[in-house]
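Below: the structure, in structure tokens.
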Amino acid sequence: MFRTKFSRTSFYKNLVIFFALLGPGIITGSVDNDAGGITTYSVAGAMYGYGMIWTLIPSLIVLLVIQEMNARMGIVTGKGLSDLIRENAGVKITFFIFIGLLLSNIGNTTTEFAGVAGSMEIFGISKYISVPVVAVLVWVLVVKGTYQIAERIFLIFSASLLTYVVSALMAKPQWSEIGAAIIHPDIELNTQSLTVVIALVGTTIAPWMQFYMQSSVIEKGLKMKNYKFTVIDIVVGCLVTVIVAFFIMVACGSTLYPNGIVISEAKDAALSLEPLAGKLASHVFSFGLFVASVFSATILPLATAFYVCEAFGFEAGIDKSWNEAKEFYILYTGILIISAIIILIPNAPLIDISIWSQVLNGILLPVVLISMILLINNKKIMGNYINKPVQNIIGWGAVGILIALSAALLLLPLFGK
């Protein structure tokens, strides 16, 4: 009886600790399903049906390993990934890496505002109203709020992404066909399919995630004594990422692909669902797009401001005042303003910005991963917390595959494919 009471007390104590530490993993994973991601998953489902779902399995394995590396490196060193890259690779290399990442994330943030505009237009609200209003609200949340307030709001947003499960079930998917497509994938080798694969990987395992994850672990003040709870948080976050991506691809693969409907953005997917799966499915999909877009329009520029400031030695953090972290807040504000203005330009090439920002993510990812793996295996930095052999095999394997895919994307057009 005493043992039962003790084990029950221990369980509740662990549960309280877990919820106190909950945040970085789930938030990072959920933001990954942003407007750019939803667009990429929707386009893949519309173009290939269930044929690209298999990419989510290796992506999940790599995502789990990489996010765990980030959290461990942040907790052990107390430094962000940008800091560590600058200290060990030098300012010149850091500069070129972060120029590429900055451009990529401005494109990604622009895509988030495109998602806000597109989803609200379905509900009859003009982008000239929705985009400025959301941009101001997002700015106020970050600049005037605290990390604790922002984190609670972000966790609510994370839960809202499960609306895509509802949307997919309304589409009445063929589960046997989905299983067959995962077990025996029909892999095409041409420029179009490779572009989609790289975009899928680039949006599922985005470079910015690695920087944000490590920074948020430090911002939350996590320690190694509670590390097991951090790992659970990471696992849940990665599963949320892949489950939401899976159901978006299922929704579009079950409705748009069989009817030969070609789409170029997530808004098209929401509109096309109405005659095929009903108005409610369309509105649920649109609501999910809006929530994901607002969520990511907050986090993406925040992540960018974090890692750029860390890379060049400026103060960064939501809990710091404007005067304490002026460069951080100016950069954050600048990215929001630039991205919102691009969306408000008539006939801006939003589709190209969306897809190619994800492709750029996929091309930049190996550079970030190489930096991470070299750092985490450095005993001077990590002590006894360096990678295990299995983690290195998965990490280096992912780098090799991504480099091969990027090279193939460049070479295939030469062979007319």
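Letters for chains follow the order of the structure tokens (A, B, ...), residue numbers begin at 1 for each chain, and ligand numbers begin at 1 in the order shown.
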All residues 10 Å or closer to A:Met47, only C-alpha atoms, same chain fewer than 6 positions away omitted, as a PyMOL selection string: chain A and resi 41+193+196+252-253+256-258+260-263
Contacts of A:Leu101 at 10 Å or less, counting only C-alpha atoms, minus same-chain residues fewer than 3 places along, as an mmCIF file with N, CA and C atoms, in the first residue's frame?
data_model
loop_
_atom_site.group_PDB
_atom_site.id
_atom_site.type_symbol
_atom_site.label_atom_id
_atom_site.label_comp_id
_atom_site.auth_asym_id
_atom_site.auth_seq_id
_atom_site.Cartn_x
_atom_site.Cartn_y
_atom_site.Cartn_z
ATOM 1 N N PHE A 95 28.903 34.462 -41.462
ATOM 2 C CA PHE A 95 28.220 35.514 -42.221
ATOM 3 C C PHE A 95 27.496 34.933 -43.436
ATOM 4 N N PHE A 96 28.184 34.115 -44.229
ATOM 5 C CA PHE A 96 27.583 33.569 -45.459
ATOM 6 C C PHE A 96 26.455 32.587 -45.142
ATOM 7 N N ILE A 97 26.631 31.775 -44.088
ATOM 8 C CA ILE A 97 25.567 30.843 -43.699
ATOM 9 C C ILE A 97 24.308 31.613 -43.329
ATOM 10 N N PHE A 98 24.498 32.690 -42.553
ATOM 11 C CA PHE A 98 23.335 33.383 -42.016
ATOM 12 C C PHE A 98 22.689 34.346 -42.998
ATOM 13 N N SER A 104 16.120 33.046 -46.674
ATOM 14 C CA SER A 104 15.171 31.937 -46.645
ATOM 15 C C SER A 104 14.026 32.227 -45.691
ATOM 16 N N ASN A 105 14.346 32.774 -44.521
ATOM 17 C CA ASN A 105 13.308 33.009 -43.518
ATOM 18 C C ASN A 105 12.440 34.223 -43.815
ATOM 19 N N ILE A 106 12.978 35.197 -44.553
ATOM 20 C CA ILE A 106 12.110 36.291 -45.019
ATOM 21 C C ILE A 106 11.084 35.715 -45.999
ATOM 22 N N GLY A 107 11.552 34.804 -46.882
ATOM 23 C CA GLY A 107 10.631 34.112 -47.791
ATOM 24 C C GLY A 107 9.609 33.284 -47.036
ATOM 25 N N PRO A 207 15.890 24.366 -41.459
ATOM 26 C CA PRO A 207 17.101 24.839 -40.767
ATOM 27 C C PRO A 207 16.814 25.725 -39.567
ATOM 28 N N TRP A 208 15.806 26.626 -39.680
ATOM 29 C CA TRP A 208 15.528 27.560 -38.587
ATOM 30 C C TRP A 208 15.145 26.831 -37.300
ATOM 31 N N THR A 304 14.626 33.793 -36.402
ATOM 32 C CA THR A 304 15.639 34.461 -37.229
ATOM 33 C C THR A 304 16.377 35.525 -36.422
ATOM 34 N N TYR A 307 18.799 33.788 -33.891
ATOM 35 C CA TYR A 307 20.075 33.214 -34.329
ATOM 36 C C TYR A 307 20.992 34.212 -35.024
ATOM 37 N N VAL A 308 20.433 35.235 -35.668
ATOM 38 C CA VAL A 308 21.294 36.253 -36.276
ATOM 39 C C VAL A 308 21.998 37.066 -35.182
ATOM 40 N N SER A 357 11.227 28.836 -51.153
ATOM 41 C CA SER A 357 11.781 29.052 -49.812
ATOM 42 C C SER A 357 11.939 27.703 -49.108
ATOM 43 N N LEU A 360 14.964 26.035 -50.746
ATOM 44 C CA LEU A 360 16.172 26.651 -50.191
ATOM 45 C C LEU A 360 16.456 26.107 -48.794
ATOM 46 N N ASN A 361 15.392 25.864 -48.017
ATOM 47 C CA ASN A 361 15.554 25.222 -46.709
ATOM 48 C C ASN A 361 16.250 23.874 -46.851
ATOM 49 N N LEU A 364 19.941 24.353 -47.748
ATOM 50 C CA LEU A 364 20.739 24.906 -46.646
ATOM 51 C C LEU A 364 20.878 23.925 -45.479
ATOM 52 N N LEU A 365 19.923 22.999 -45.358
ATOM 53 C CA LEU A 365 19.905 22.096 -44.210
ATOM 54 C C LEU A 365 21.204 21.308 -44.019
ATOM 55 N N VAL A 368 23.801 23.344 -42.146
ATOM 56 C CA VAL A 368 23.487 23.481 -40.723
ATOM 57 C C VAL A 368 23.767 22.170 -39.984
#
Excluding A:Leu300 and residues on its chain fewer than 5 positions from it, collect all residues at most 12 Å away from it, counting only C-alpha atoms, and give them as a PDB file with N, CA and C atoms, in the first residue's frame.
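Result saved to result.pdb:
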ATOM      1  N   ILE A  27       6.347  23.254 -29.430  1.00  0.00           N
ATOM      2  CA  ILE A  27       6.211  24.510 -30.183  1.00  0.00           C
ATOM      3  C   ILE A  27       7.037  24.465 -31.463  1.00  0.00           C
ATOM      4  N   THR A  28       8.292  24.025 -31.361  1.00  0.00           N
ATOM      5  CA  THR A  28       9.155  23.947 -32.548  1.00  0.00           C
ATOM      6  C   THR A  28       8.562  23.016 -33.589  1.00  0.00           C
ATOM      7  N   SER A  30       5.372  22.095 -33.930  1.00  0.00           N
ATOM      8  CA  SER A  30       4.102  22.604 -34.453  1.00  0.00           C
ATOM      9  C   SER A  30       4.297  23.732 -35.450  1.00  0.00           C
ATOM     10  N   VAL A  31       5.242  24.633 -35.165  1.00  0.00           N
ATOM     11  CA  VAL A  31       5.497  25.750 -36.079  1.00  0.00           C
ATOM     12  C   VAL A  31       5.963  25.238 -37.428  1.00  0.00           C
ATOM     13  N   ASP A  32       6.563  24.043 -37.422  1.00  0.00           N
ATOM     14  CA  ASP A  32       7.039  23.464 -38.668  1.00  0.00           C
ATOM     15  C   ASP A  32       5.896  23.269 -39.662  1.00  0.00           C
ATOM     16  N   ASN A  33       4.675  23.059 -39.141  1.00  0.00           N
ATOM     17  CA  ASN A  33       3.500  22.949 -40.021  1.00  0.00           C
ATOM     18  C   ASN A  33       2.920  24.335 -40.263  1.00  0.00           C
ATOM     19  N   ASP A  34       3.733  25.176 -40.917  1.00  0.00           N
ATOM     20  CA  ASP A  34       3.340  26.555 -41.200  1.00  0.00           C
ATOM     21  C   ASP A  34       2.662  26.634 -42.556  1.00  0.00           C
ATOM     22  N   ALA A  35       2.383  27.853 -43.012  1.00  0.00           N
ATOM     23  CA  ALA A  35       1.708  28.027 -44.309  1.00  0.00           C
ATOM     24  C   ALA A  35       2.532  27.422 -45.442  1.00  0.00           C
ATOM     25  N   GLY A  36       3.864  27.607 -45.388  1.00  0.00           N
ATOM     26  CA  GLY A  36       4.732  27.016 -46.410  1.00  0.00           C
ATOM     27  C   GLY A  36       4.675  25.507 -46.377  1.00  0.00           C
ATOM     28  N   LEU A 101      20.325  31.934 -44.642  1.00  0.00           N
ATOM     29  CA  LEU A 101      19.220  31.623 -43.733  1.00  0.00           C
ATOM     30  C   LEU A 101      18.276  32.810 -43.561  1.00  0.00           C
ATOM     31  N   LEU A 102      18.827  34.017 -43.532  1.00  0.00           N
ATOM     32  CA  LEU A 102      18.001  35.218 -43.390  1.00  0.00           C
ATOM     33  C   LEU A 102      17.074  35.382 -44.590  1.00  0.00           C
ATOM     34  N   SER A 104      16.120  33.046 -46.674  1.00  0.00           N
ATOM     35  CA  SER A 104      15.171  31.937 -46.645  1.00  0.00           C
ATOM     36  C   SER A 104      14.026  32.227 -45.691  1.00  0.00           C
ATOM     37  N   ASN A 105      14.346  32.774 -44.521  1.00  0.00           N
ATOM     38  CA  ASN A 105      13.308  33.009 -43.518  1.00  0.00           C
ATOM     39  C   ASN A 105      12.440  34.223 -43.815  1.00  0.00           C
ATOM     40  N   ILE A 106      12.978  35.197 -44.553  1.00  0.00           N
ATOM     41  CA  ILE A 106      12.110  36.291 -45.019  1.00  0.00           C
ATOM     42  C   ILE A 106      11.084  35.715 -45.999  1.00  0.00           C
ATOM     43  N   GLY A 107      11.552  34.804 -46.882  1.00  0.00           N
ATOM     44  CA  GLY A 107      10.631  34.112 -47.791  1.00  0.00           C
ATOM     45  C   GLY A 107       9.609  33.284 -47.036  1.00  0.00           C
ATOM     46  N   ASN A 108      10.066  32.576 -45.983  1.00  0.00           N
ATOM     47  CA  ASN A 108       9.156  31.760 -45.175  1.00  0.00           C
ATOM     48  C   ASN A 108       8.118  32.614 -44.455  1.00  0.00           C
ATOM     49  N   THR A 109       8.550  33.754 -43.893  1.00  0.00           N
ATOM     50  CA  THR A 109       7.622  34.630 -43.166  1.00  0.00           C
ATOM     51  C   THR A 109       6.617  35.265 -44.130  1.00  0.00           C
ATOM     52  N   THR A 110       7.088  35.595 -45.334  1.00  0.00           N
ATOM     53  CA  THR A 110       6.180  36.107 -46.367  1.00  0.00           C
ATOM     54  C   THR A 110       5.090  35.078 -46.664  1.00  0.00           C
ATOM     55  N   THR A 111       5.493  33.813 -46.718  1.00  0.00           N
ATOM     56  CA  THR A 111       4.542  32.727 -46.951  1.00  0.00           C
ATOM     57  C   THR A 111       3.508  32.644 -45.833  1.00  0.00           C
ATOM     58  N   GLU A 112       3.945  32.909 -44.589  1.00  0.00           N
ATOM     59  CA  GLU A 112       2.985  32.878 -43.471  1.00  0.00           C
ATOM     60  C   GLU A 112       1.905  33.943 -43.661  1.00  0.00           C
ATOM     61  N   PHE A 113       2.305  35.144 -44.068  1.00  0.00           N
ATOM     62  CA  PHE A 113       1.311  36.197 -44.285  1.00  0.00           C
ATOM     63  C   PHE A 113       0.443  35.890 -45.505  1.00  0.00           C
ATOM     64  N   VAL A 138       0.916  40.207 -33.690  1.00  0.00           N
ATOM     65  CA  VAL A 138       2.108  39.369 -33.531  1.00  0.00           C
ATOM     66  C   VAL A 138       3.246  40.187 -32.911  1.00  0.00           C
ATOM     67  N   VAL A 142       5.105  39.617 -29.019  1.00  0.00           N
ATOM     68  CA  VAL A 142       6.536  39.357 -28.804  1.00  0.00           C
ATOM     69  C   VAL A 142       7.234  40.514 -28.093  1.00  0.00           C
ATOM     70  N   ALA A 206      13.246  21.905 -41.105  1.00  0.00           N
ATOM     71  CA  ALA A 206      13.701  23.225 -41.565  1.00  0.00           C
ATOM     72  C   ALA A 206      14.946  23.677 -40.788  1.00  0.00           C
ATOM     73  N   PRO A 207      15.890  24.366 -41.459  1.00  0.00           N
ATOM     74  CA  PRO A 207      17.101  24.839 -40.767  1.00  0.00           C
ATOM     75  C   PRO A 207      16.814  25.725 -39.567  1.00  0.00           C
ATOM     76  N   TRP A 208      15.806  26.626 -39.680  1.00  0.00           N
ATOM     77  CA  TRP A 208      15.528  27.560 -38.587  1.00  0.00           C
ATOM     78  C   TRP A 208      15.145  26.831 -37.300  1.00  0.00           C
ATOM     79  N   MET A 209      14.538  25.627 -37.435  1.00  0.00           N
ATOM     80  CA  MET A 209      14.095  24.869 -36.266  1.00  0.00           C
ATOM     81  C   MET A 209      15.241  24.571 -35.313  1.00  0.00           C
ATOM     82  N   GLN A 210      16.403  24.272 -35.907  1.00  0.00           N
ATOM     83  CA  GLN A 210      17.548  23.873 -35.084  1.00  0.00           C
ATOM     84  C   GLN A 210      18.000  25.041 -34.207  1.00  0.00           C
ATOM     85  N   PHE A 211      17.971  26.232 -34.759  1.00  0.00           N
ATOM     86  CA  PHE A 211      18.385  27.419 -34.003  1.00  0.00           C
ATOM     87  C   PHE A 211      17.338  27.788 -32.954  1.00  0.00           C
ATOM     88  N   TYR A 212      16.056  27.728 -33.353  1.00  0.00           N
ATOM     89  CA  TYR A 212      14.999  28.104 -32.417  1.00  0.00           C
ATOM     90  C   TYR A 212      14.922  27.124 -31.254  1.00  0.00           C
ATOM     91  N   MET A 213      15.027  25.837 -31.557  1.00  0.00           N
ATOM     92  CA  MET A 213      14.952  24.816 -30.516  1.00  0.00           C
ATOM     93  C   MET A 213      16.013  25.045 -29.451  1.00  0.00           C
ATOM     94  N   ALA A 292      -2.121  28.189 -38.218  1.00  0.00           N
ATOM     95  CA  ALA A 292      -0.722  27.849 -38.493  1.00  0.00           C
ATOM     96  C   ALA A 292       0.056  29.060 -38.992  1.00  0.00           C
ATOM     97  N   SER A 293      -0.585  29.884 -39.805  1.00  0.00           N
ATOM     98  CA  SER A 293       0.081  31.052 -40.383  1.00  0.00           C
ATOM     99  C   SER A 293       0.396  32.108 -39.322  1.00  0.00           C
ATOM    100  N   VAL A 294      -0.588  32.378 -38.446  1.00  0.00           N
ATOM    101  CA  VAL A 294      -0.368  33.359 -37.370  1.00  0.00           C
ATOM    102  C   VAL A 294       0.714  32.857 -36.420  1.00  0.00           C
ATOM    103  N   PHE A 295       0.604  31.588 -36.054  1.00  0.00           N
ATOM    104  CA  PHE A 295       1.567  30.934 -35.169  1.00  0.00           C
ATOM    105  C   PHE A 295       2.983  31.082 -35.719  1.00  0.00           C
ATOM    106  N   ALA A 305      15.615  36.349 -35.699  1.00  0.00           N
ATOM    107  CA  ALA A 305      16.234  37.399 -34.874  1.00  0.00           C
ATOM    108  C   ALA A 305      17.128  36.788 -33.805  1.00  0.00           C
ATOM    109  N   PHE A 306      16.667  35.663 -33.216  1.00  0.00           N
ATOM    110  CA  PHE A 306      17.471  34.961 -32.212  1.00  0.00           C
ATOM    111  C   PHE A 306      18.827  34.562 -32.780  1.00  0.00           C
ATOM    112  N   TYR A 307      18.799  33.788 -33.891  1.00  0.00           N
ATOM    113  CA  TYR A 307      20.075  33.214 -34.329  1.00  0.00           C
ATOM    114  C   TYR A 307      20.992  34.212 -35.024  1.00  0.00           C
ATOM    115  N   LEU A 331      15.508  43.842 -35.739  1.00  0.00           N
ATOM    116  CA  LEU A 331      15.533  42.799 -36.771  1.00  0.00           C
ATOM    117  C   LEU A 331      14.182  42.094 -36.848  1.00  0.00           C
ATOM    118  N   TYR A 332      13.622  41.745 -35.695  1.00  0.00           N
ATOM    119  CA  TYR A 332      12.311  41.088 -35.648  1.00  0.00           C
ATOM    120  C   TYR A 332      11.243  41.956 -36.329  1.00  0.00           C
ATOM    121  N   THR A 333      11.223  43.227 -35.967  1.00  0.00           N
ATOM    122  CA  THR A 333      10.243  44.167 -36.532  1.00  0.00           C
ATOM    123  C   THR A 333      10.447  44.332 -38.036  1.00  0.00           C
ATOM    124  N   ILE A 335      11.767  42.192 -40.235  1.00  0.00           N
ATOM    125  CA  ILE A 335      11.329  41.002 -40.983  1.00  0.00           C
ATOM    126  C   ILE A 335       9.808  40.991 -41.111  1.00  0.00           C
ATOM    127  N   LEU A 336       9.106  41.334 -40.037  1.00  0.00           N
ATOM    128  CA  LEU A 336       7.641  41.384 -40.085  1.00  0.00           C
ATOM    129  C   LEU A 336       7.151  42.403 -41.113  1.00  0.00           C
ATOM    130  N   SER A 339       7.991  41.333 -44.837  1.00  0.00           N
ATOM    131  CA  SER A 339       7.154  40.203 -45.259  1.00  0.00           C
ATOM    132  C   SER A 339       5.705  40.628 -45.490  1.00  0.00           C
TER     133      SER A 339
END
Pairwise distance for atom CA of A:Pro301 and atom CA of A:Ile341, rounded to one decimal in Å: 14.6 Å
Test item: residues at most 9 Å from A:Leu64, only C-alpha atoms, excluding those fewer than 4 positions along its chain, as a PyMOL selection string: chain A and resi 59-60+68-69+234-235+238-239
Can those selected residues be exported to a file as a compact mmCIF listing (two decimals), in the first residue's frame so that it contains C-alpha atoms?
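selection-v1.txt was written with the following content:
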# COMPACT_ATOMS: atom_id res chain seq x y z
CA SER A 59 11.93 12.62 -41.98
CA LEU A 60 10.50 11.71 -38.55
CA GLU A 68 17.46 15.85 -29.43
CA MET A 69 20.96 16.98 -30.43
CA ILE A 234 10.73 16.62 -28.31
CA VAL A 235 9.17 13.25 -29.21
CA CYS A 238 8.09 15.63 -33.73
CA LEU A 239 5.07 13.29 -33.77
Among listed residues A:Ala199, A:Val133, A:Met52, A:Val62, nearest A:Trp356 (using only C-alpha atoms):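 Using only C-alpha atoms, A:Trp356 sits closest to A:Ala199.
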Best match for closeness to A:Gly237 among A:Thr204, A:Ser167, A:Thr55, A:Thr40, counting only C-alpha atoms: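 The closest residue to A:Gly237 is A:Thr204.
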Distance query stretch 88-94 of chain A at most 12 Å, only C-alpha atoms, self and fewer than 5 positions along chain excluded, as a ChimeraX atom specification: /A:81-83,99-102,307-313,367-368,370-372,374-376,378,380-381
Could you dump the residues just selected with N, CA and C atoms as a CSV table (one decimal), in the first residue's frame?
chain,number,residue,atom,x,y,z
A,81,LEU,N,23.0,27.7,-31.0
A,81,LEU,CA,23.7,27.1,-32.1
A,81,LEU,C,24.5,28.2,-32.9
A,82,SER,N,23.9,29.4,-33.1
A,82,SER,CA,24.6,30.5,-33.8
A,82,SER,C,25.9,30.8,-33.1
A,83,ASP,N,25.8,31.0,-31.7
A,83,ASP,CA,27.0,31.3,-30.9
A,83,ASP,C,28.1,30.3,-31.1
A,99,ILE,N,23.4,34.8,-44.0
A,99,ILE,CA,22.8,35.6,-45.1
A,99,ILE,C,21.8,34.7,-45.8
A,100,GLY,N,22.2,33.4,-46.1
A,100,GLY,CA,21.3,32.5,-46.8
A,100,GLY,C,20.1,32.2,-45.9
A,101,LEU,N,20.3,31.9,-44.6
A,101,LEU,CA,19.2,31.6,-43.7
A,101,LEU,C,18.3,32.8,-43.6
A,102,LEU,N,18.8,34.0,-43.5
A,102,LEU,CA,18.0,35.2,-43.4
A,102,LEU,C,17.1,35.4,-44.6
A,307,TYR,N,18.8,33.8,-33.9
A,307,TYR,CA,20.1,33.2,-34.3
A,307,TYR,C,21.0,34.2,-35.0
A,308,VAL,N,20.4,35.2,-35.7
A,308,VAL,CA,21.3,36.3,-36.3
A,308,VAL,C,22.0,37.1,-35.2
A,309,CYS,N,21.2,37.4,-34.1
A,309,CYS,CA,21.8,38.2,-33.0
A,309,CYS,C,22.9,37.4,-32.3
A,310,GLU,N,22.6,36.1,-32.1
A,310,GLU,CA,23.5,35.2,-31.4
A,310,GLU,C,24.8,35.1,-32.2
A,311,ALA,N,24.6,35.0,-33.5
A,311,ALA,CA,25.8,34.7,-34.4
A,311,ALA,C,26.7,35.9,-34.4
A,312,PHE,N,26.2,37.1,-34.2
A,312,PHE,CA,27.1,38.3,-34.3
A,312,PHE,C,27.2,39.0,-32.9
A,313,GLY,N,26.9,38.3,-31.9
A,313,GLY,CA,27.2,38.7,-30.5
A,313,GLY,C,26.3,39.8,-29.9
A,367,VAL,N,24.2,22.1,-44.6
A,367,VAL,CA,25.3,23.0,-44.1
A,367,VAL,C,25.1,23.2,-42.6
A,368,VAL,N,23.8,23.3,-42.1
A,368,VAL,CA,23.5,23.5,-40.7
A,368,VAL,C,23.8,22.2,-40.0
A,370,ILE,N,25.8,19.7,-40.8
A,370,ILE,CA,27.3,19.5,-40.7
A,370,ILE,C,27.9,20.2,-39.5
A,371,SER,N,27.5,21.5,-39.4
A,371,SER,CA,28.0,22.4,-38.3
A,371,SER,C,27.6,21.8,-37.0
A,372,MET,N,26.3,21.3,-36.9
A,372,MET,CA,25.8,20.7,-35.6
A,372,MET,C,26.5,19.5,-35.2
A,374,LEU,N,29.5,18.3,-36.1
A,374,LEU,CA,30.9,18.6,-35.7
A,374,LEU,C,30.9,19.2,-34.3
A,375,LEU,N,30.0,20.1,-34.0
A,375,LEU,CA,30.0,20.7,-32.7
A,375,LEU,C,29.7,19.7,-31.6
A,376,ILE,N,28.7,18.9,-31.8
A,376,ILE,CA,28.2,18.0,-30.7
A,376,ILE,C,29.1,16.9,-30.5
A,378,ASN,N,32.4,17.4,-30.4
A,378,ASN,CA,33.6,18.0,-29.9
A,378,ASN,C,33.6,17.9,-28.4
A,380,LYS,N,35.6,19.1,-26.1
A,380,LYS,CA,35.9,20.3,-25.5
A,380,LYS,C,34.6,21.1,-25.2
A,381,ILE,N,33.6,21.0,-26.1
A,381,ILE,CA,32.3,21.7,-26.0
A,381,ILE,C,31.3,20.9,-25.1
Among the residues A:Ala281, A:Ala114, A:Ala71, A:Val136, the one that comes closest to A:Val165 [using only C-alpha atoms]: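 Among A:Ala281, A:Ala114, A:Ala71, A:Val136, it is A:Ala281 that comes nearest to A:Val165.
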All alpha helix (DSSP H) positions in stretch 63-283 of chain A, as a PyMOL selection string: chain A and resi 63-77+81-89+91-122+127-144+147-160+163-170+175-183+191-204+207-220+227-255+266-277+279-283
Distance criterion (only C-alpha atoms): nearest to A:Ala251 out of A:Asn377, A:Ser215, A:Ser42, A:Thr191: A:Ser42
Among listed residues A:Leu280, A:Ala117, A:Pro346, A:Lys79, nearest A:Ile129 (using only C-alpha atoms): A:Ala117
